[in-house]
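Asks: Right, I'll just put the structure down here and ask away after.
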Amino acid sequence: MRGMRWIVGCGAVVALCGSSARADEAAPVLDRTVLPVEAPRRPVYTELDVRKVKPPPHFRVDAPAGAPNVLIVLLDDVGFATASTFGGPVATPTLDRLAKGGLSYNHFHTTALCSPTRAALKSGRNHHMANMGFITEMATGFPGNTGQIPASVAPVAEMLRLNGYSTGAFGKWHETAAWETSVSGPFNRWPTRQGFDKFYGFIGGETNQWAPYIFDGVTPVELSGDPKYHFLTDMTDKATAWMRYQKAITPEKPFFMYYAPGATHAPHHVPADRIARWKGKFDQGWDKLREESLARQLALGVVPPGTKLAPKPAAIKDWAALSDDERKLFAHQAEVYAAFMEMADDEVGRLIRTIEDLGVLDDTLVFYVVGDNGSSAEGGENGMFNEYTYFNGVPERVEDMLKVLDRWGGPMTYPHMAAGWAVAFDAPFTWTKQVASNFGGTRNGLVVHWPKGMKARGELRTQFSHVVDVAPTILEAAKLPEPRMVNGVPQVPMDGKSLVYTFDAAKAPERHTTQYFEIAGNRAIYHDGWFAGTIHRAPWERTPRVPLLEDVWELYDVRNDFSLVNDLAAAKPEKLKELQALFLKEAERNHVLPIDDRTMERTIASAVDRPDLMAGRTSLTLGDGMTGMLENVFLNVKNRSVTLTADVEVPEGGGNGAILVQGGRFGGWALYVKDGVPGYHYNFLGLQQTAVAGTKALSAGAHRIRMEFAYEGPGPGKGGTATLFVDGEKVAEGKIPHTQAGMFSADETADVGIDLGTPVVEAIGAEAASRFTGKVAKVVVEVK
């Protein structure tokens, strides 16, 4: 038997032994615990004439008979009390429909943050086991936090692909280490090397929905010229097209699709007609909205009778205490957010209708995960017209934002909402995204729909569950074992427990009985109905409240306290000590220790031992065609003196366009030529525009343009003096009052000879309009 190999074809298992295998031979089931499945040994022939022998059977690994199609929908930054299905104010007819035909889970949990949740969801392992203790851009050198998913934590997409599934991912990724996003790769942690045949989406944590920087596989996609373009619609178009194509060519082959919109993560970008439909619907304010949502939740039965509204954080002002201007601004922010959520559910509806049109909805296992964490309070006290003000420590004033209220959500904005709304959309809980120690950060609605795989319809499931449970559920539904080896690498066992046991057993005892939570020092443990945790830092706080050893822990009996309002820490100190000890045990096992509660330090690679492509370098030499360089793979020009030296060829008739830019409309800088005249422009968060330009047009031919920026520290975010030279002659000088200290953009890039995305300089434009009419032979960036 040692020489025998097994294949699967058309649902049958065929034994191969040399070249004499017969298709009607009985054979054991394939061993799928080692992936890829080993191909049969190649037969050796002694016959000279091909006509006298038969070829061996074709080898192909098919999915097990009856394996369903699988669709995971993962929304972004959506709190428990947002969607109508779970008592929220936003009508979500697609989610409602799937819930009526399937199951709703009201004790389902995420990690409280995007990258960690996504890594856990797609691998079935806890997020630190996947090295995703925080977002990829703030990874550190410590195991559990490196931001590099190890080969020993293979994603379920790869397991399905190697078992005969077609696999596609659309939308947000945010699981590739920040320093691995350049043209140099490595690409083994990009989607198409993490189990997906097809990827269409953005690689980072957020994108401009009107002007996204997106990839098809690993190839950047040219921005659409359609003035009505919106990425959410585009990604759905691509997802439905892929699905139809896949079923047209190989109808017998099941698909696995991961559909992850950027909604409702900032920026909240929505067409104006959608926003208009929500006018006046949040005038009651966030306090009243919390009460209304709890009343709906009780009426729907998605929270137990007697559930109380947990107090909101002390930092969140009472709506009644706000000024008229504050209420006007904040109400409109919620209108835009709700419109974004509504649009997302509508686009999911298009996806579901496509599956229905293909005739396979009943045999598609759908997981609709309503948020990768709680709603985001990163908008701070007042919200933001430009979210990058938050990342650069620049507060926005209510009176300034009111002036641009009519543009909120459109292409000229990059907005976020006030934290009070995040608390409201997370009702009945206290906290929000980032707070892993409260259900407001981790409790998200889940709907599972699979008519062929479950008898129950429109029922609620209350067993404790977590994103790590999704992958093992898929494997069990597909009749696939959890592999012990994938691509030659022994695998870390999955931490999750399949939810299949709950499909037709509403009262089945829960199997996921212990789960730790930890994000940046906010930490907790769930065990057998008890929950203990500590609030180490609020999302709007720049530093932890106290040192780790001084944290005050809370204790709740969640079997009788859905919203965490009755703290039993003082009454049951021994139970609290027991759970604290269990947390440390789980933390050690899962590489959570040492706990890293650093905040701004983690943005600096050298401060936290994170790899940096530019580490130790003080110069970068570029040339024409070098575009799409994300901020983490470009030389850091912030908070220091900078010299830009460009060798250009100006054509007859004069030059025009971008020479070298970084960032876009909401913050960045540009070396450019406008109407033949060279200049340097600093766009400070879209709030302040400073140009230092010459007065004479460049003649045709070769020129060297140099810009020297003398930074006036000490400290971050200070201004400086920019001096412009042409062929060694000083042609302009000017003061730049402020510079951006933290970041320019999550998805706007550095580009030579063009400005991709949105324009740094509106007068130069972006995309094709900004292309330099001459040639950029070389441009050198130097920092001091």
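All residue names refer to the structure tokens as shown: chains lettered A, B, ... in order, residues numbered from 1 in each chain, ligands numbered from 1 in order.
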At a cut-off of 10 Å, using only C-alpha atoms, what residues contact region 564-567 of chain A? Leave out same-chain residues fewer than 3 positions from it and give the result as a list in words.
Replies: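 Contacts, in chain order: Thr307, Lys308, Leu309, Ala310, Pro311, Pro428, Phe429, Thr430, Asn438, Phe439, Gly440, Phe531, Ala532, Trp553, Glu554, Leu555, Tyr556, Asp557, Val558, Asn560, Asp561, Ala570, Ala571 and Lys572 of chain A.
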Asks: For Thr176 (chain A), list every protein, DNA or RNA residue within 8 Å, evaluated using only C-alpha atoms, and leave out those in the same chain fewer than 6 positions away; present the list as a list in words.
Replies: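 Those residues are Thr136, Gly147, Gln148, Arg189, Trp190, Ile203 and Gly204 of chain A.
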Asks: Taking only C-alpha atoms into account, produce a table as a Markdown table in which each residue of region 131-212 of chain A with an atom at most 10 Å from an atom of region 631-653 of chain A appears once, together with its shortest atom pair and the distance in Å to one decimal, ordered by chain and rising number.
Replies:
```
| residue | atom | partner | partner_atom | distance |
| --- | --- | --- | --- | --- |
| A:Glu137 | CA | A:Asn632 | CA | 7.8 |
| A:Ala177 | CA | A:Asn632 | CA | 9.7 |
| A:Ala178 | CA | A:Asn632 | CA | 6.0 |
| A:Trp179 | CA | A:Val633 | CA | 5.8 |
| A:Glu180 | CA | A:Val633 | CA | 8.0 |
| A:Thr181 | CA | A:Val633 | CA | 7.2 |
| A:Ser182 | CA | A:Val633 | CA | 6.2 |
| A:Val183 | CA | A:Val633 | CA | 9.5 |
| A:Ser184 | CA | A:Val633 | CA | 9.9 |
```
Asks: For region 541-547 of chain A, find every residue with an atom within 10 Å (counting only C-alpha atoms), except residues of its own chain fewer than 6 positions away, and show them as a list of chain:residue names.
Replies: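 My list of contacting residues is A:Glu378, A:Gly380, A:Gly393, A:Ala520, A:Gly521, A:Asn522, A:Ile535, A:Asp597, A:Arg598, A:Thr599, A:Met600.
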Asks: Show me, as a PyMOL selection string, the residues that have an atom within 6 Å of region 156-163 of chain A when counting only C-alpha atoms, minus same-chain residues fewer than 5 positions from it.
Replies: chain A and resi 36+63+122-123+195+471
Asks: Choose the residue, out of A:Thr364, A:Thr354, A:Ser166, A:Thr432, that has the smallest atom-to-atom separation from Ser376 (chain A); count only C-alpha atoms.
Replies: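 So, comparing all the options, the nearest one is A:Thr432.
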Asks: List as a compact mmCIF listing (two decimals) with all heavy atoms, in the first residue's frame the protein and nucleic acid residues near Ser224 (chain A), meaning an atom at most 10 Å away when only C-alpha atoms are counted, but skip any in the same chain fewer than 2 places from it.
Replies:
```txt
# COMPACT_ATOMS: atom_id res chain seq x y z
N TRP A 210 -14.05 57.63 -3.18
CA TRP A 210 -14.20 58.32 -4.47
C TRP A 210 -12.95 58.17 -5.34
O TRP A 210 -13.05 58.25 -6.58
CB TRP A 210 -14.44 59.82 -4.23
CG TRP A 210 -15.64 60.12 -3.38
CD1 TRP A 210 -15.64 60.63 -2.11
CD2 TRP A 210 -17.01 59.93 -3.72
NE1 TRP A 210 -16.93 60.77 -1.64
CE2 TRP A 210 -17.79 60.35 -2.61
CE3 TRP A 210 -17.67 59.45 -4.86
CZ2 TRP A 210 -19.18 60.31 -2.60
CZ3 TRP A 210 -19.06 59.40 -4.86
CH2 TRP A 210 -19.79 59.82 -3.75
N ALA A 211 -11.81 58.00 -4.73
CA ALA A 211 -10.54 57.92 -5.47
C ALA A 211 -9.62 56.93 -4.78
O ALA A 211 -8.60 57.29 -4.22
CB ALA A 211 -9.89 59.30 -5.55
N PRO A 212 -9.95 55.65 -4.82
CA PRO A 212 -9.18 54.65 -4.08
C PRO A 212 -7.90 54.25 -4.79
O PRO A 212 -7.78 54.35 -6.01
CB PRO A 212 -10.14 53.46 -4.02
CG PRO A 212 -10.91 53.57 -5.31
CD PRO A 212 -11.09 55.05 -5.54
N VAL A 221 -4.56 49.49 -10.03
CA VAL A 221 -5.64 49.73 -10.99
C VAL A 221 -5.74 51.23 -11.26
O VAL A 221 -5.74 52.04 -10.33
CB VAL A 221 -6.98 49.21 -10.43
CG1 VAL A 221 -8.13 49.55 -11.38
CG2 VAL A 221 -6.91 47.70 -10.21
N GLU A 222 -5.83 51.58 -12.52
CA GLU A 222 -5.97 52.99 -12.88
C GLU A 222 -7.31 53.52 -12.39
O GLU A 222 -8.35 52.86 -12.52
CB GLU A 222 -5.87 53.15 -14.40
CG GLU A 222 -5.88 54.60 -14.87
CD GLU A 222 -5.65 54.73 -16.36
OE1 GLU A 222 -5.28 53.72 -17.00
OE2 GLU A 222 -5.85 55.84 -16.90
N ASP A 226 -14.99 58.18 -14.25
CA ASP A 226 -16.42 58.39 -14.07
C ASP A 226 -16.67 59.30 -12.87
O ASP A 226 -16.28 58.96 -11.75
CB ASP A 226 -17.11 57.04 -13.85
CG ASP A 226 -18.63 57.17 -13.74
OD1 ASP A 226 -19.14 58.30 -13.70
OD2 ASP A 226 -19.31 56.11 -13.68
N PRO A 227 -17.31 60.46 -13.06
CA PRO A 227 -17.53 61.37 -11.92
C PRO A 227 -18.44 60.78 -10.85
O PRO A 227 -18.46 61.27 -9.72
CB PRO A 227 -18.16 62.60 -12.58
CG PRO A 227 -18.72 62.11 -13.87
CD PRO A 227 -17.83 61.01 -14.32
N LYS A 228 -19.20 59.74 -11.18
CA LYS A 228 -20.09 59.10 -10.21
C LYS A 228 -19.46 57.86 -9.58
O LYS A 228 -20.11 57.15 -8.82
CB LYS A 228 -21.41 58.71 -10.88
CG LYS A 228 -22.23 59.90 -11.37
CD LYS A 228 -23.55 59.45 -11.96
CE LYS A 228 -24.38 60.64 -12.42
NZ LYS A 228 -25.67 60.21 -13.01
N TYR A 229 -18.20 57.62 -9.89
CA TYR A 229 -17.53 56.42 -9.38
C TYR A 229 -17.55 56.37 -7.85
O TYR A 229 -17.34 57.38 -7.17
CB TYR A 229 -16.07 56.38 -9.86
CG TYR A 229 -15.28 55.23 -9.27
CD1 TYR A 229 -15.23 54.00 -9.91
CD2 TYR A 229 -14.61 55.36 -8.05
CE1 TYR A 229 -14.52 52.93 -9.37
CE2 TYR A 229 -13.90 54.31 -7.50
CZ TYR A 229 -13.86 53.09 -8.16
OH TYR A 229 -13.18 52.04 -7.61
N HIS A 230 -17.79 55.16 -7.32
CA HIS A 230 -17.69 54.91 -5.88
C HIS A 230 -17.16 53.49 -5.72
O HIS A 230 -17.66 52.55 -6.35
CB HIS A 230 -19.05 55.04 -5.20
CG HIS A 230 -18.99 55.12 -3.70
ND1 HIS A 230 -18.77 54.00 -2.92
CD2 HIS A 230 -19.11 56.16 -2.85
CE1 HIS A 230 -18.77 54.37 -1.63
NE2 HIS A 230 -18.98 55.67 -1.57
N PHE A 231 -16.14 53.32 -4.88
CA PHE A 231 -15.49 52.01 -4.78
C PHE A 231 -16.43 50.91 -4.31
O PHE A 231 -16.33 49.76 -4.76
CB PHE A 231 -14.27 52.07 -3.86
CG PHE A 231 -13.63 50.73 -3.66
CD1 PHE A 231 -13.00 50.09 -4.72
CD2 PHE A 231 -13.69 50.07 -2.45
CE1 PHE A 231 -12.44 48.83 -4.58
CE2 PHE A 231 -13.13 48.81 -2.28
CZ PHE A 231 -12.49 48.19 -3.35
N ASP A 234 -18.10 49.66 -7.26
CA ASP A 234 -17.11 49.02 -8.13
C ASP A 234 -16.73 47.64 -7.63
O ASP A 234 -16.68 46.67 -8.40
CB ASP A 234 -15.87 49.93 -8.20
CG ASP A 234 -14.77 49.36 -9.09
OD1 ASP A 234 -15.07 48.59 -10.01
OD2 ASP A 234 -13.59 49.70 -8.85
N GLU A 767 -3.98 62.20 -11.51
CA GLU A 767 -4.05 61.17 -12.56
C GLU A 767 -3.51 61.74 -13.88
O GLU A 767 -2.52 62.47 -13.87
CB GLU A 767 -5.47 60.63 -12.67
CG GLU A 767 -5.95 59.91 -11.41
CD GLU A 767 -5.25 58.57 -11.17
OE1 GLU A 767 -4.99 57.83 -12.14
OE2 GLU A 767 -4.96 58.26 -10.00
```
Asks: Give me, please, the distance in Å between CA of Leu98 (chain A) and CA of His449 (chain A), quoted to one decimal.
Replies: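 So the two atoms, CA of Leu98 (chain A) and CA of His449 (chain A), lie 5.9 Å apart.
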Asks: From the options A:Asp237, A:Asp675, A:Asp216, A:Glu291, which residue's atoms come nearest to Asp426 (chain A), counting only C-alpha atoms?
Replies: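 Between A:Asp237, A:Asp675, A:Asp216, A:Glu291, the residue approaching Asp426 (chain A) most closely is A:Glu291.
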Asks: Take CA of Val369 (chain A) and CA of Ala81 (chain A) and report the distance between them in Å, one decimal.
Replies: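 The value is 13.4 Å.
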Asks: Using only C-alpha atoms for the distances, tell me which of A:Ala67, A:Val500, A:Leu294, A:Met257 is nearest to Pro472 (chain A).
Replies: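 Nearest to Pro472 (chain A): A:Val500.
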Asks: Rounded to one decimal in Å, what is the spacing between CA of Gly66 (chain A) and CA of Val366 (chain A)?
Replies: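 Pair CA of Gly66 (chain A) / CA of Val366 (chain A) returns 15.5 Å.
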Asks: Pick out each residue of region 105-313 of chain A that DSSP on the backbone tags as strand (DSSP E); I need them as an MDAnalysis selection string.
Replies: chainID A and resid 105 108:109 166:172 198:202 215:216 219:220 255:260
Asks: Would you list the contacts of Pro143 (chain A) as a count of residues only, taking every protein, DNA or RNA residue within 8 Å and counting only C-alpha atoms, but skipping same-chain residues closer than 6 positions in sequence?
Replies: 3
Asks: Write out as a PyMOL selection string the residues lying within 9 Å of Ser104 (chain A), counting only C-alpha atoms and excluding same-chain residues fewer than 6 positions away.
Replies: chain A and resi 85-86+98+302+445-449+458-462
